[in-house]
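Right, one structure below, let's go through it.
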Amino acid sequence: MKFNISAKDLDSMGSILAKFSQTVAGDGFGYVNINSVNGKAIFTTSNPSQTISMEYAIDHNLDGSAIVEASRFLKLVRTFTGLVTLETKGSTLMIRQGKTKCSLQIANNPIVSRLDRLPGAGTLVDLGDHLGKIAYALDNTVNTCLAYYWLNNDAIATSNGYVMTEVKLDQPIGLIACVPPLAIRDLRDKVTIRHTKNQLDIATGNFYLSTRLVDLAFPPYRNIIPTHVNCITLDRKGLLEILKRAELTTDLGSVTLGIKGSELYLKAASDIAEDEDYLMGAVTSDFTAELRISTKYITTTLNSIGGQTVEIYIGKPTEPVVFKSPDNPSVTYLIMPVYQA
């Protein structure tokens, strides 16, 4: 095997593959499989439930393959710039550029697990930049449905029990299932999705991912999304500014958020400081409301939602607060209030 490839492509590939190469190189995991065939270089790695591969067109090639330990290979490829030559010589893989050369021992045929690609053309879905923005609502400390994205036919949802987010897709994909976040959180723009009952395939550009679906039922989250009629529209950056002051004042991790007429107010207090801020907005009708809310979650939501203004829908003090953006109506953010003893 011998071919040339851009170091920039290697660095991009390495950043993605590293997430799927387990640190313990047992049973074939922790390895990268490099195949050169028919003018393509295919880099593949896997963990027990997911396989990812990247394909690159190469300028010339001698067909062949090599399996090398992932961490060393991925660290080495990031140290080069320009054009790099990968070549197998006996039991080693050579990485060369001019007079510089590095060599890696080729593994003795470990089992590099992979999932087979599903047949069919698939469905083209526009994910935009949503998945990374709603990832903060995942609870990665638990082994329940809250640790996964949930594909809900025409939407993707996440929740950690305190925050719930939902992104509406541009078209239905005909699948209701839990998906490991590692599989899709970094995806952007348009991707092709194919699926069966137990497996999901995602392809975009030279990137290909195959993952097993998780046998967990996500809660019927749409049943708890309220339809509040009281709404205030505010300048998003202005709200973030007064939240910064409130976060410095409170030692409880929460503040009192209230609405009176067309004005929002935030109150925060600790043993040594107090803060009270006001922000004018536009309301659907004059209403009064007050509740306690987490400064962490509201700040993260405002940073994720983007746009110039934010719409806040408020009901009773014990009901979830809904955040939406007029600039991005396909995304819904929901935050549970903090209950006071």
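Identifiers in this document derive from the order of the structure tokens: chains are assigned A, B, ..., residues are numbered from 1 separately in each chain, and ligands are numbered from 1 in order of occurrence.
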Polymer residues at most 10 Å from region 37-44 of chain A, only C-alpha atoms, same-chain spacing of 4 or more positions, as a ChimeraX atom specification: /A:1-5,10,13-14,17,20-21,31-33,51-67,112-114,206-209
Can you write out the residues you just picked, keeping N, CA and C atoms, as an mmCIF file, in the first residue's frame?
data_model
loop_
_atom_site.group_PDB
_atom_site.id
_atom_site.type_symbol
_atom_site.label_atom_id
_atom_site.label_comp_id
_atom_site.auth_asym_id
_atom_site.auth_seq_id
_atom_site.Cartn_x
_atom_site.Cartn_y
_atom_site.Cartn_z
ATOM 1 N N MET A 1 0.841 -1.197 0.000
ATOM 2 C CA MET A 1 0.000 0.000 0.000
ATOM 3 C C MET A 1 0.872 1.242 0.000
ATOM 4 N N LYS A 2 0.522 2.189 -0.874
ATOM 5 C CA LYS A 2 1.238 3.462 -0.921
ATOM 6 C C LYS A 2 0.344 4.518 -1.552
ATOM 7 N N PHE A 3 0.205 5.661 -0.875
ATOM 8 C CA PHE A 3 -0.565 6.762 -1.452
ATOM 9 C C PHE A 3 -0.202 8.064 -0.745
ATOM 10 N N ASN A 4 -0.507 9.167 -1.422
ATOM 11 C CA ASN A 4 -0.309 10.497 -0.855
ATOM 12 C C ASN A 4 -1.651 11.056 -0.389
ATOM 13 N N ILE A 5 -1.614 11.817 0.682
ATOM 14 C CA ILE A 5 -2.829 12.433 1.202
ATOM 15 C C ILE A 5 -2.465 13.735 1.900
ATOM 16 N N LEU A 10 -5.834 14.551 6.926
ATOM 17 C CA LEU A 10 -5.491 13.619 7.997
ATOM 18 C C LEU A 10 -5.856 14.197 9.355
ATOM 19 N N MET A 13 -9.634 14.125 9.702
ATOM 20 C CA MET A 13 -10.038 12.736 9.914
ATOM 21 C C MET A 13 -9.685 12.277 11.327
ATOM 22 N N GLY A 14 -8.488 12.642 11.791
ATOM 23 C CA GLY A 14 -8.043 12.208 13.108
ATOM 24 C C GLY A 14 -8.915 12.730 14.226
ATOM 25 N N LEU A 17 -12.108 10.481 14.070
ATOM 26 C CA LEU A 17 -11.882 9.079 14.399
ATOM 27 C C LEU A 17 -11.502 8.882 15.860
ATOM 28 N N PHE A 20 -14.073 7.755 18.329
ATOM 29 C CA PHE A 20 -14.647 6.421 18.212
ATOM 30 C C PHE A 20 -13.624 5.307 18.456
ATOM 31 N N SER A 21 -12.376 5.679 18.694
ATOM 32 C CA SER A 21 -11.343 4.680 18.969
ATOM 33 C C SER A 21 -11.180 4.553 20.475
ATOM 34 N N TYR A 31 -7.922 0.664 17.408
ATOM 35 C CA TYR A 31 -7.133 0.557 16.181
ATOM 36 C C TYR A 31 -7.798 1.322 15.043
ATOM 37 N N VAL A 32 -6.981 1.750 14.090
ATOM 38 C CA VAL A 32 -7.476 2.334 12.847
ATOM 39 C C VAL A 32 -7.105 1.398 11.705
ATOM 40 N N ASN A 33 -8.099 1.060 10.897
ATOM 41 C CA ASN A 33 -7.893 0.197 9.737
ATOM 42 C C ASN A 33 -7.788 1.088 8.502
ATOM 43 N N THR A 51 -19.413 2.198 14.234
ATOM 44 C CA THR A 51 -18.310 2.164 13.278
ATOM 45 C C THR A 51 -18.327 3.458 12.488
ATOM 46 N N ILE A 52 -17.155 4.026 12.292
ATOM 47 C CA ILE A 52 -17.061 5.257 11.514
ATOM 48 C C ILE A 52 -15.948 5.109 10.490
ATOM 49 N N SER A 53 -16.177 5.637 9.306
ATOM 50 C CA SER A 53 -15.137 5.600 8.282
ATOM 51 C C SER A 53 -15.121 6.911 7.510
ATOM 52 N N MET A 54 -13.921 7.262 7.026
ATOM 53 C CA MET A 54 -13.713 8.454 6.216
ATOM 54 C C MET A 54 -13.059 8.013 4.918
ATOM 55 N N GLU A 55 -13.542 8.527 3.798
ATOM 56 C CA GLU A 55 -13.006 8.146 2.499
ATOM 57 C C GLU A 55 -12.373 9.358 1.812
ATOM 58 N N TYR A 56 -11.219 9.131 1.186
ATOM 59 C CA TYR A 56 -10.528 10.193 0.458
ATOM 60 C C TYR A 56 -10.069 9.682 -0.895
ATOM 61 N N ALA A 57 -10.218 10.518 -1.912
ATOM 62 C CA ALA A 57 -9.652 10.191 -3.213
ATOM 63 C C ALA A 57 -8.142 10.426 -3.144
ATOM 64 N N ILE A 58 -7.361 9.511 -3.697
ATOM 65 C CA ILE A 58 -5.906 9.633 -3.639
ATOM 66 C C ILE A 58 -5.314 9.695 -5.043
ATOM 67 N N ASP A 59 -4.174 10.378 -5.164
ATOM 68 C CA ASP A 59 -3.616 10.668 -6.485
ATOM 69 C C ASP A 59 -3.044 9.429 -7.174
ATOM 70 N N HIS A 60 -2.485 8.507 -6.418
ATOM 71 C CA HIS A 60 -2.049 7.240 -6.989
ATOM 72 C C HIS A 60 -2.059 6.221 -5.854
ATOM 73 N N ASN A 61 -2.126 4.950 -6.191
ATOM 74 C CA ASN A 61 -2.176 4.013 -5.085
ATOM 75 C C ASN A 61 -1.704 2.633 -5.502
ATOM 76 N N LEU A 62 -1.169 1.950 -4.523
ATOM 77 C CA LEU A 62 -0.929 0.518 -4.603
ATOM 78 C C LEU A 62 -1.879 -0.099 -3.582
ATOM 79 N N ASP A 63 -2.814 -0.923 -4.063
ATOM 80 C CA ASP A 63 -3.818 -1.466 -3.153
ATOM 81 C C ASP A 63 -3.170 -2.201 -1.991
ATOM 82 N N GLY A 64 -3.805 -2.103 -0.843
ATOM 83 C CA GLY A 64 -3.302 -2.779 0.347
ATOM 84 C C GLY A 64 -4.011 -2.267 1.581
ATOM 85 N N SER A 65 -3.600 -2.757 2.737
ATOM 86 C CA SER A 65 -4.237 -2.340 3.984
ATOM 87 C C SER A 65 -3.266 -2.447 5.136
ATOM 88 N N ALA A 66 -3.584 -1.734 6.215
ATOM 89 C CA ALA A 66 -2.783 -1.798 7.434
ATOM 90 C C ALA A 66 -3.669 -1.433 8.616
ATOM 91 N N ILE A 67 -3.457 -2.118 9.731
ATOM 92 C CA ILE A 67 -4.177 -1.803 10.957
ATOM 93 C C ILE A 67 -3.154 -1.337 11.985
ATOM 94 N N VAL A 112 -11.208 -5.695 14.015
ATOM 95 C CA VAL A 112 -11.765 -4.355 13.972
ATOM 96 C C VAL A 112 -13.256 -4.485 13.665
ATOM 97 N N SER A 113 -14.065 -4.333 14.707
ATOM 98 C CA SER A 113 -15.507 -4.528 14.560
ATOM 99 C C SER A 113 -16.107 -3.453 13.670
ATOM 100 N N ARG A 114 -17.069 -3.826 12.859
ATOM 101 C CA ARG A 114 -17.787 -2.838 12.067
ATOM 102 C C ARG A 114 -19.208 -3.317 11.816
ATOM 103 N N ASN A 206 -17.528 12.733 2.748
ATOM 104 C CA ASN A 206 -16.658 11.557 2.834
ATOM 105 C C ASN A 206 -16.748 10.881 4.201
ATOM 106 N N PHE A 207 -17.776 11.196 4.935
ATOM 107 C CA PHE A 207 -17.963 10.693 6.295
ATOM 108 C C PHE A 207 -19.083 9.658 6.300
ATOM 109 N N TYR A 208 -18.830 8.536 6.979
ATOM 110 C CA TYR A 208 -19.838 7.476 7.074
ATOM 111 C C TYR A 208 -19.848 6.928 8.497
ATOM 112 N N LEU A 209 -21.030 6.811 9.069
ATOM 113 C CA LEU A 209 -21.180 6.306 10.424
ATOM 114 C C LEU A 209 -22.289 5.275 10.476
#
Contact residues around Ile224 (chain A) with only C-alpha atoms at 10 Å, ignoring same-chain residues under 4 positions, as a ChimeraX atom specification: /A:164,219-220,319-320,334
Who sits within 6 Å of region 78-85 of chain A, only C-alpha atoms, same chain under 2 positions skipped, as JSON, numbers by chain: {"A": [3, 4, 5, 6, 7, 11, 75, 76, 95, 96, 97]}
Residue set, region 229-280 of chain A restricted to alpha helix (DSSP H), as a PyMOL selection string: chain A and resi 236-249
Write a file of the just-selected residues containing N, CA, C and O atoms, as an mmCIF file, in the first residue's frame.
data_model
loop_
_atom_site.group_PDB
_atom_site.id
_atom_site.type_symbol
_atom_site.label_atom_id
_atom_site.label_comp_id
_atom_site.auth_asym_id
_atom_site.auth_seq_id
_atom_site.Cartn_x
_atom_site.Cartn_y
_atom_site.Cartn_z
ATOM 1 N N ARG A 236 -32.188 39.398 23.406
ATOM 2 C CA ARG A 236 -31.466 38.241 23.976
ATOM 3 C C ARG A 236 -30.184 38.666 24.681
ATOM 4 O O ARG A 236 -29.892 38.223 25.803
ATOM 5 N N LYS A 237 -29.389 39.517 24.055
ATOM 6 C CA LYS A 237 -28.122 39.942 24.655
ATOM 7 C C LYS A 237 -28.362 40.792 25.898
ATOM 8 O O LYS A 237 -27.597 40.729 26.864
ATOM 9 N N GLY A 238 -29.433 41.591 25.882
ATOM 10 C CA GLY A 238 -29.761 42.374 27.069
ATOM 11 C C GLY A 238 -30.095 41.496 28.252
ATOM 12 O O GLY A 238 -29.690 41.772 29.398
ATOM 13 N N LEU A 239 -30.824 40.404 28.001
ATOM 14 C CA LEU A 239 -31.159 39.466 29.071
ATOM 15 C C LEU A 239 -29.916 38.753 29.582
ATOM 16 O O LEU A 239 -29.768 38.526 30.788
ATOM 17 N N LEU A 240 -28.999 38.405 28.678
ATOM 18 C CA LEU A 240 -27.750 37.773 29.106
ATOM 19 C C LEU A 240 -26.928 38.700 29.992
ATOM 20 O O LEU A 240 -26.286 38.257 30.942
ATOM 21 N N GLU A 241 -26.955 40.001 29.697
ATOM 22 C CA GLU A 241 -26.190 40.960 30.484
ATOM 23 C C GLU A 241 -26.681 41.012 31.930
ATOM 24 O O GLU A 241 -25.888 40.984 32.868
ATOM 25 N N ILE A 242 -27.997 41.086 32.119
ATOM 26 C CA ILE A 242 -28.482 41.169 33.500
ATOM 27 C C ILE A 242 -28.367 39.820 34.214
ATOM 28 O O ILE A 242 -28.252 39.762 35.434
ATOM 29 N N LEU A 243 -28.348 38.734 33.446
ATOM 30 C CA LEU A 243 -28.122 37.418 34.051
ATOM 31 C C LEU A 243 -26.707 37.290 34.600
ATOM 32 O O LEU A 243 -26.483 36.656 35.636
ATOM 33 N N LYS A 244 -25.734 37.885 33.911
ATOM 34 C CA LYS A 244 -24.342 37.844 34.390
ATOM 35 C C LYS A 244 -24.236 38.467 35.775
ATOM 36 O O LYS A 244 -23.557 37.951 36.667
ATOM 37 N N ARG A 245 -24.902 39.611 35.966
ATOM 38 C CA ARG A 245 -24.848 40.260 37.273
ATOM 39 C C ARG A 245 -25.560 39.413 38.329
ATOM 40 O O ARG A 245 -25.101 39.305 39.466
ATOM 41 N N ALA A 246 -26.678 38.824 37.922
ATOM 42 C CA ALA A 246 -27.428 38.003 38.876
ATOM 43 C C ALA A 246 -26.630 36.773 39.305
ATOM 44 O O ALA A 246 -26.653 36.378 40.474
ATOM 45 N N GLU A 247 -25.911 36.169 38.357
ATOM 46 C CA GLU A 247 -25.106 34.980 38.674
ATOM 47 C C GLU A 247 -24.003 35.303 39.675
ATOM 48 O O GLU A 247 -23.640 34.469 40.511
ATOM 49 N N LEU A 248 -23.446 36.519 39.595
ATOM 50 C CA LEU A 248 -22.385 36.919 40.523
ATOM 51 C C LEU A 248 -22.931 37.191 41.917
ATOM 52 O O LEU A 248 -22.202 37.126 42.903
ATOM 53 N N THR A 249 -24.217 37.479 41.998
ATOM 54 C CA THR A 249 -24.810 37.839 43.278
ATOM 55 C C THR A 249 -25.363 36.639 44.035
ATOM 56 O O THR A 249 -25.153 36.493 45.234
#
Residue contacts of region 326-329 of chain A (9 Å, only C-alpha atoms) excluding same-chain residues fewer than 4 positions away, as number ranges by chain: A: 168, 305-311
Got time to write the residues from that selection, all heavy atoms, as an mmCIF file, in the first residue's frame?
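New file result_37.cif:
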data_model
loop_
_atom_site.group_PDB
_atom_site.id
_atom_site.type_symbol
_atom_site.label_atom_id
_atom_site.label_comp_id
_atom_site.auth_asym_id
_atom_site.auth_seq_id
_atom_site.Cartn_x
_atom_site.Cartn_y
_atom_site.Cartn_z
ATOM 1 N N LYS A 168 -37.240 20.449 15.319
ATOM 2 C CA LYS A 168 -38.093 19.908 14.269
ATOM 3 C C LYS A 168 -37.268 19.727 12.988
ATOM 4 O O LYS A 168 -36.552 20.634 12.565
ATOM 5 C CB LYS A 168 -39.269 20.843 14.001
ATOM 6 C CG LYS A 168 -40.327 20.818 15.092
ATOM 7 C CD LYS A 168 -41.039 19.475 15.124
ATOM 8 C CE LYS A 168 -42.201 19.467 16.105
ATOM 9 N NZ LYS A 168 -43.317 20.312 15.676
ATOM 10 N N ILE A 305 -29.724 29.443 21.755
ATOM 11 C CA ILE A 305 -30.869 29.770 20.910
ATOM 12 C C ILE A 305 -30.511 30.757 19.805
ATOM 13 O O ILE A 305 -31.083 30.739 18.724
ATOM 14 C CB ILE A 305 -32.023 30.315 21.786
ATOM 15 C CG1 ILE A 305 -33.375 30.109 21.111
ATOM 16 C CG2 ILE A 305 -31.807 31.781 22.160
ATOM 17 C CD1 ILE A 305 -34.556 30.369 22.026
ATOM 18 N N GLY A 306 -29.519 31.613 20.050
ATOM 19 C CA GLY A 306 -29.087 32.555 19.018
ATOM 20 C C GLY A 306 -30.162 33.570 18.658
ATOM 21 O O GLY A 306 -31.235 33.631 19.270
ATOM 22 N N GLY A 307 -29.877 34.372 17.657
ATOM 23 C CA GLY A 307 -30.839 35.372 17.206
ATOM 24 C C GLY A 307 -30.791 36.643 18.034
ATOM 25 O O GLY A 307 -30.117 36.728 19.065
ATOM 26 N N GLN A 308 -31.520 37.644 17.597
ATOM 27 C CA GLN A 308 -31.530 38.938 18.279
ATOM 28 C C GLN A 308 -32.503 38.967 19.446
ATOM 29 O O GLN A 308 -32.222 39.568 20.476
ATOM 30 C CB GLN A 308 -31.880 40.057 17.291
ATOM 31 C CG GLN A 308 -31.831 41.454 17.903
ATOM 32 C CD GLN A 308 -32.034 42.541 16.868
ATOM 33 O OE1 GLN A 308 -32.025 42.290 15.676
ATOM 34 N NE2 GLN A 308 -32.227 43.771 17.342
ATOM 35 N N THR A 309 -33.651 38.320 19.293
ATOM 36 C CA THR A 309 -34.650 38.342 20.353
ATOM 37 C C THR A 309 -35.000 36.924 20.802
ATOM 38 O O THR A 309 -34.751 35.948 20.095
ATOM 39 C CB THR A 309 -35.944 39.043 19.881
ATOM 40 O OG1 THR A 309 -36.480 38.341 18.746
ATOM 41 C CG2 THR A 309 -35.665 40.493 19.512
ATOM 42 N N VAL A 310 -35.592 36.827 21.992
ATOM 43 C CA VAL A 310 -36.033 35.545 22.530
ATOM 44 C C VAL A 310 -37.452 35.702 23.037
ATOM 45 O O VAL A 310 -37.810 36.742 23.614
ATOM 46 C CB VAL A 310 -35.095 35.058 23.661
ATOM 47 C CG1 VAL A 310 -35.025 36.066 24.799
ATOM 48 C CG2 VAL A 310 -35.538 33.701 24.182
ATOM 49 N N GLU A 311 -38.275 34.698 22.790
ATOM 50 C CA GLU A 311 -39.648 34.676 23.287
ATOM 51 C C GLU A 311 -39.715 33.753 24.499
ATOM 52 O O GLU A 311 -39.290 32.601 24.436
ATOM 53 C CB GLU A 311 -40.603 34.174 22.207
ATOM 54 C CG GLU A 311 -40.659 35.060 20.968
ATOM 55 C CD GLU A 311 -41.457 34.451 19.840
ATOM 56 O OE1 GLU A 311 -41.701 33.217 19.882
ATOM 57 O OE2 GLU A 311 -41.824 35.198 18.908
#
Wanna dump the region 144-212 of chain A-region 46-50 of chain A contacts at 8 Å for me, each residue with its shortest atom pair and the distance in Å to one decimal, counting only C-alpha atoms, ordered by chain and number, as CSV?
residue,atom,partner,partner_atom,distance
A:Ala183,CA,A:Gln50,CA,7.6
A:Leu209,CA,A:Gln50,CA,7.3
A:Ser210,CA,A:Gln50,CA,5.7
A:Thr211,CA,A:Gln50,CA,4.3
A:Arg212,CA,A:Ser49,CA,5.5
If you keep all heavy atoms, can you produce a file of those selected residues as a PDB file, in the first residue's frame?
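Dumped everything to result_30.pdb:
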ATOM      1  N   ALA A 183     -22.765   9.623  18.231  1.00  0.00           N
ATOM      2  CA  ALA A 183     -23.001   9.314  16.826  1.00  0.00           C
ATOM      3  C   ALA A 183     -23.382  10.527  16.006  1.00  0.00           C
ATOM      4  O   ALA A 183     -23.048  10.616  14.827  1.00  0.00           O
ATOM      5  CB  ALA A 183     -24.095   8.247  16.704  1.00  0.00           C
ATOM      6  N   LEU A 209     -21.030   6.811   9.069  1.00  0.00           N
ATOM      7  CA  LEU A 209     -21.180   6.306  10.424  1.00  0.00           C
ATOM      8  C   LEU A 209     -22.289   5.275  10.476  1.00  0.00           C
ATOM      9  O   LEU A 209     -23.353   5.455   9.884  1.00  0.00           O
ATOM     10  CB  LEU A 209     -21.528   7.448  11.388  1.00  0.00           C
ATOM     11  CG  LEU A 209     -21.921   7.016  12.800  1.00  0.00           C
ATOM     12  CD1 LEU A 209     -20.686   6.603  13.587  1.00  0.00           C
ATOM     13  CD2 LEU A 209     -22.648   8.133  13.532  1.00  0.00           C
ATOM     14  N   SER A 210     -22.021   4.197  11.192  1.00  0.00           N
ATOM     15  CA  SER A 210     -23.034   3.180  11.433  1.00  0.00           C
ATOM     16  C   SER A 210     -23.113   2.946  12.930  1.00  0.00           C
ATOM     17  O   SER A 210     -22.085   2.746  13.585  1.00  0.00           O
ATOM     18  CB  SER A 210     -22.674   1.880  10.709  1.00  0.00           C
ATOM     19  OG  SER A 210     -23.683   0.923  10.871  1.00  0.00           O
ATOM     20  N   THR A 211     -24.320   3.001  13.497  1.00  0.00           N
ATOM     21  CA  THR A 211     -24.466   2.852  14.946  1.00  0.00           C
ATOM     22  C   THR A 211     -25.664   1.979  15.281  1.00  0.00           C
ATOM     23  O   THR A 211     -26.673   1.994  14.569  1.00  0.00           O
ATOM     24  CB  THR A 211     -24.638   4.230  15.619  1.00  0.00           C
ATOM     25  OG1 THR A 211     -24.768   4.050  17.034  1.00  0.00           O
ATOM     26  CG2 THR A 211     -25.860   4.967  15.104  1.00  0.00           C
ATOM     27  N   ARG A 212     -25.534   1.235  16.355  1.00  0.00           N
ATOM     28  CA  ARG A 212     -26.662   0.455  16.844  1.00  0.00           C
ATOM     29  C   ARG A 212     -27.592   1.388  17.631  1.00  0.00           C
ATOM     30  O   ARG A 212     -27.136   2.252  18.372  1.00  0.00           O
ATOM     31  CB  ARG A 212     -26.190  -0.689  17.744  1.00  0.00           C
ATOM     32  CG  ARG A 212     -25.348  -1.713  17.004  1.00  0.00           C
ATOM     33  CD  ARG A 212     -25.223  -2.999  17.794  1.00  0.00           C
ATOM     34  NE  ARG A 212     -24.223  -3.873  17.203  1.00  0.00           N
ATOM     35  CZ  ARG A 212     -24.419  -4.616  16.129  1.00  0.00           C
ATOM     36  NH1 ARG A 212     -25.590  -4.576  15.518  1.00  0.00           N
ATOM     37  NH2 ARG A 212     -23.466  -5.387  15.659  1.00  0.00           N
TER      38      ARG A 212
END
Selection: 12 Å around Phe323 (chain A), only C-alpha atoms, excl. self and same-chain fewer than 3 positions, as a PyMOL selection string: chain A and resi 163-166+225-228+231-234+236+297-306+309-314+320+326+328-336
Residue nearest Asp116 (chain A) among A:Ile16, A:Val283, A:Leu200, A:Ala70 (counting only C-alpha atoms):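 Selected residue with least distance to Asp116 (chain A): A:Leu200.
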Arg185 (chain A) surroundings by only C-alpha atoms, 8 Å radius, close-in-sequence under 2 positions cut, as a list in words: Leu131, Gly132, Ala135, Pro181, Leu182, Ala183 and Leu187 of chain A
Selected residues written out with C-alpha atoms, as a PDB file, in the first residue's frame:
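Full text of out-v4.pdb as output:
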ATOM      1  CA  LEU A 131     -27.507  19.146  17.422  1.00  0.00           C
ATOM      2  CA  GLY A 132     -24.460  20.687  19.021  1.00  0.00           C
ATOM      3  CA  ALA A 135     -26.423  18.745  23.454  1.00  0.00           C
ATOM      4  CA  PRO A 181     -24.993  11.256  21.294  1.00  0.00           C
ATOM      5  CA  LEU A 182     -21.481  10.490  20.065  1.00  0.00           C
ATOM      6  CA  ALA A 183     -23.001   9.314  16.826  1.00  0.00           C
ATOM      7  CA  LEU A 187     -23.177  16.514  12.480  1.00  0.00           C
TER       8      LEU A 187
END
Selected residue, from A:His130, A:Thr92, A:Asp235, A:Asn223, that lies nearest to Ile184 (chain A) when counting only C-alpha atoms: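 Using only C-alpha atoms, the shortest distance to Ile184 (chain A) belongs to A:His130.
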A:Thr192, A:Ser262, A:Thr256, A:Asn143 ranked by distance to Pro180 (chain A), top pick (using only C-alpha atoms):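 Under the stated criterion, the closest residue is A:Asn143.
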Those of region 220-332 of chain A in DSSP strand (DSSP E), formatted as a PyMOL selection string: chain A and resi 231-235+254-261+263-269+274-280+282-283+287-294+309-313+321-324+331-332
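Checking A:Val255, A:Ala203, A:Ile156, A:Ile272 one by one against Leu291 (chain A), counting only C-alpha atoms, you find the shortest gap at A:Val255.
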For Asp170 (chain A), list every protein, DNA or RNA residue within 8 Å, evaluated using only C-alpha atoms, and leave out those in the same chain fewer than 2 positions away; present the list as a tab-separated table (two decimals) with C-alpha atoms, in the first residue's frame.
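Contents of the output file out-v9.tsv:
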chain	number	residue	atom	x	y	z
A	125	VAL	CA	-32.32	15.50	6.31
A	126	ASP	CA	-31.15	19.05	7.06
A	154	ASP	CA	-40.01	14.47	12.54
A	168	LYS	CA	-38.09	19.91	14.27
A	172	PRO	CA	-40.11	12.87	8.61
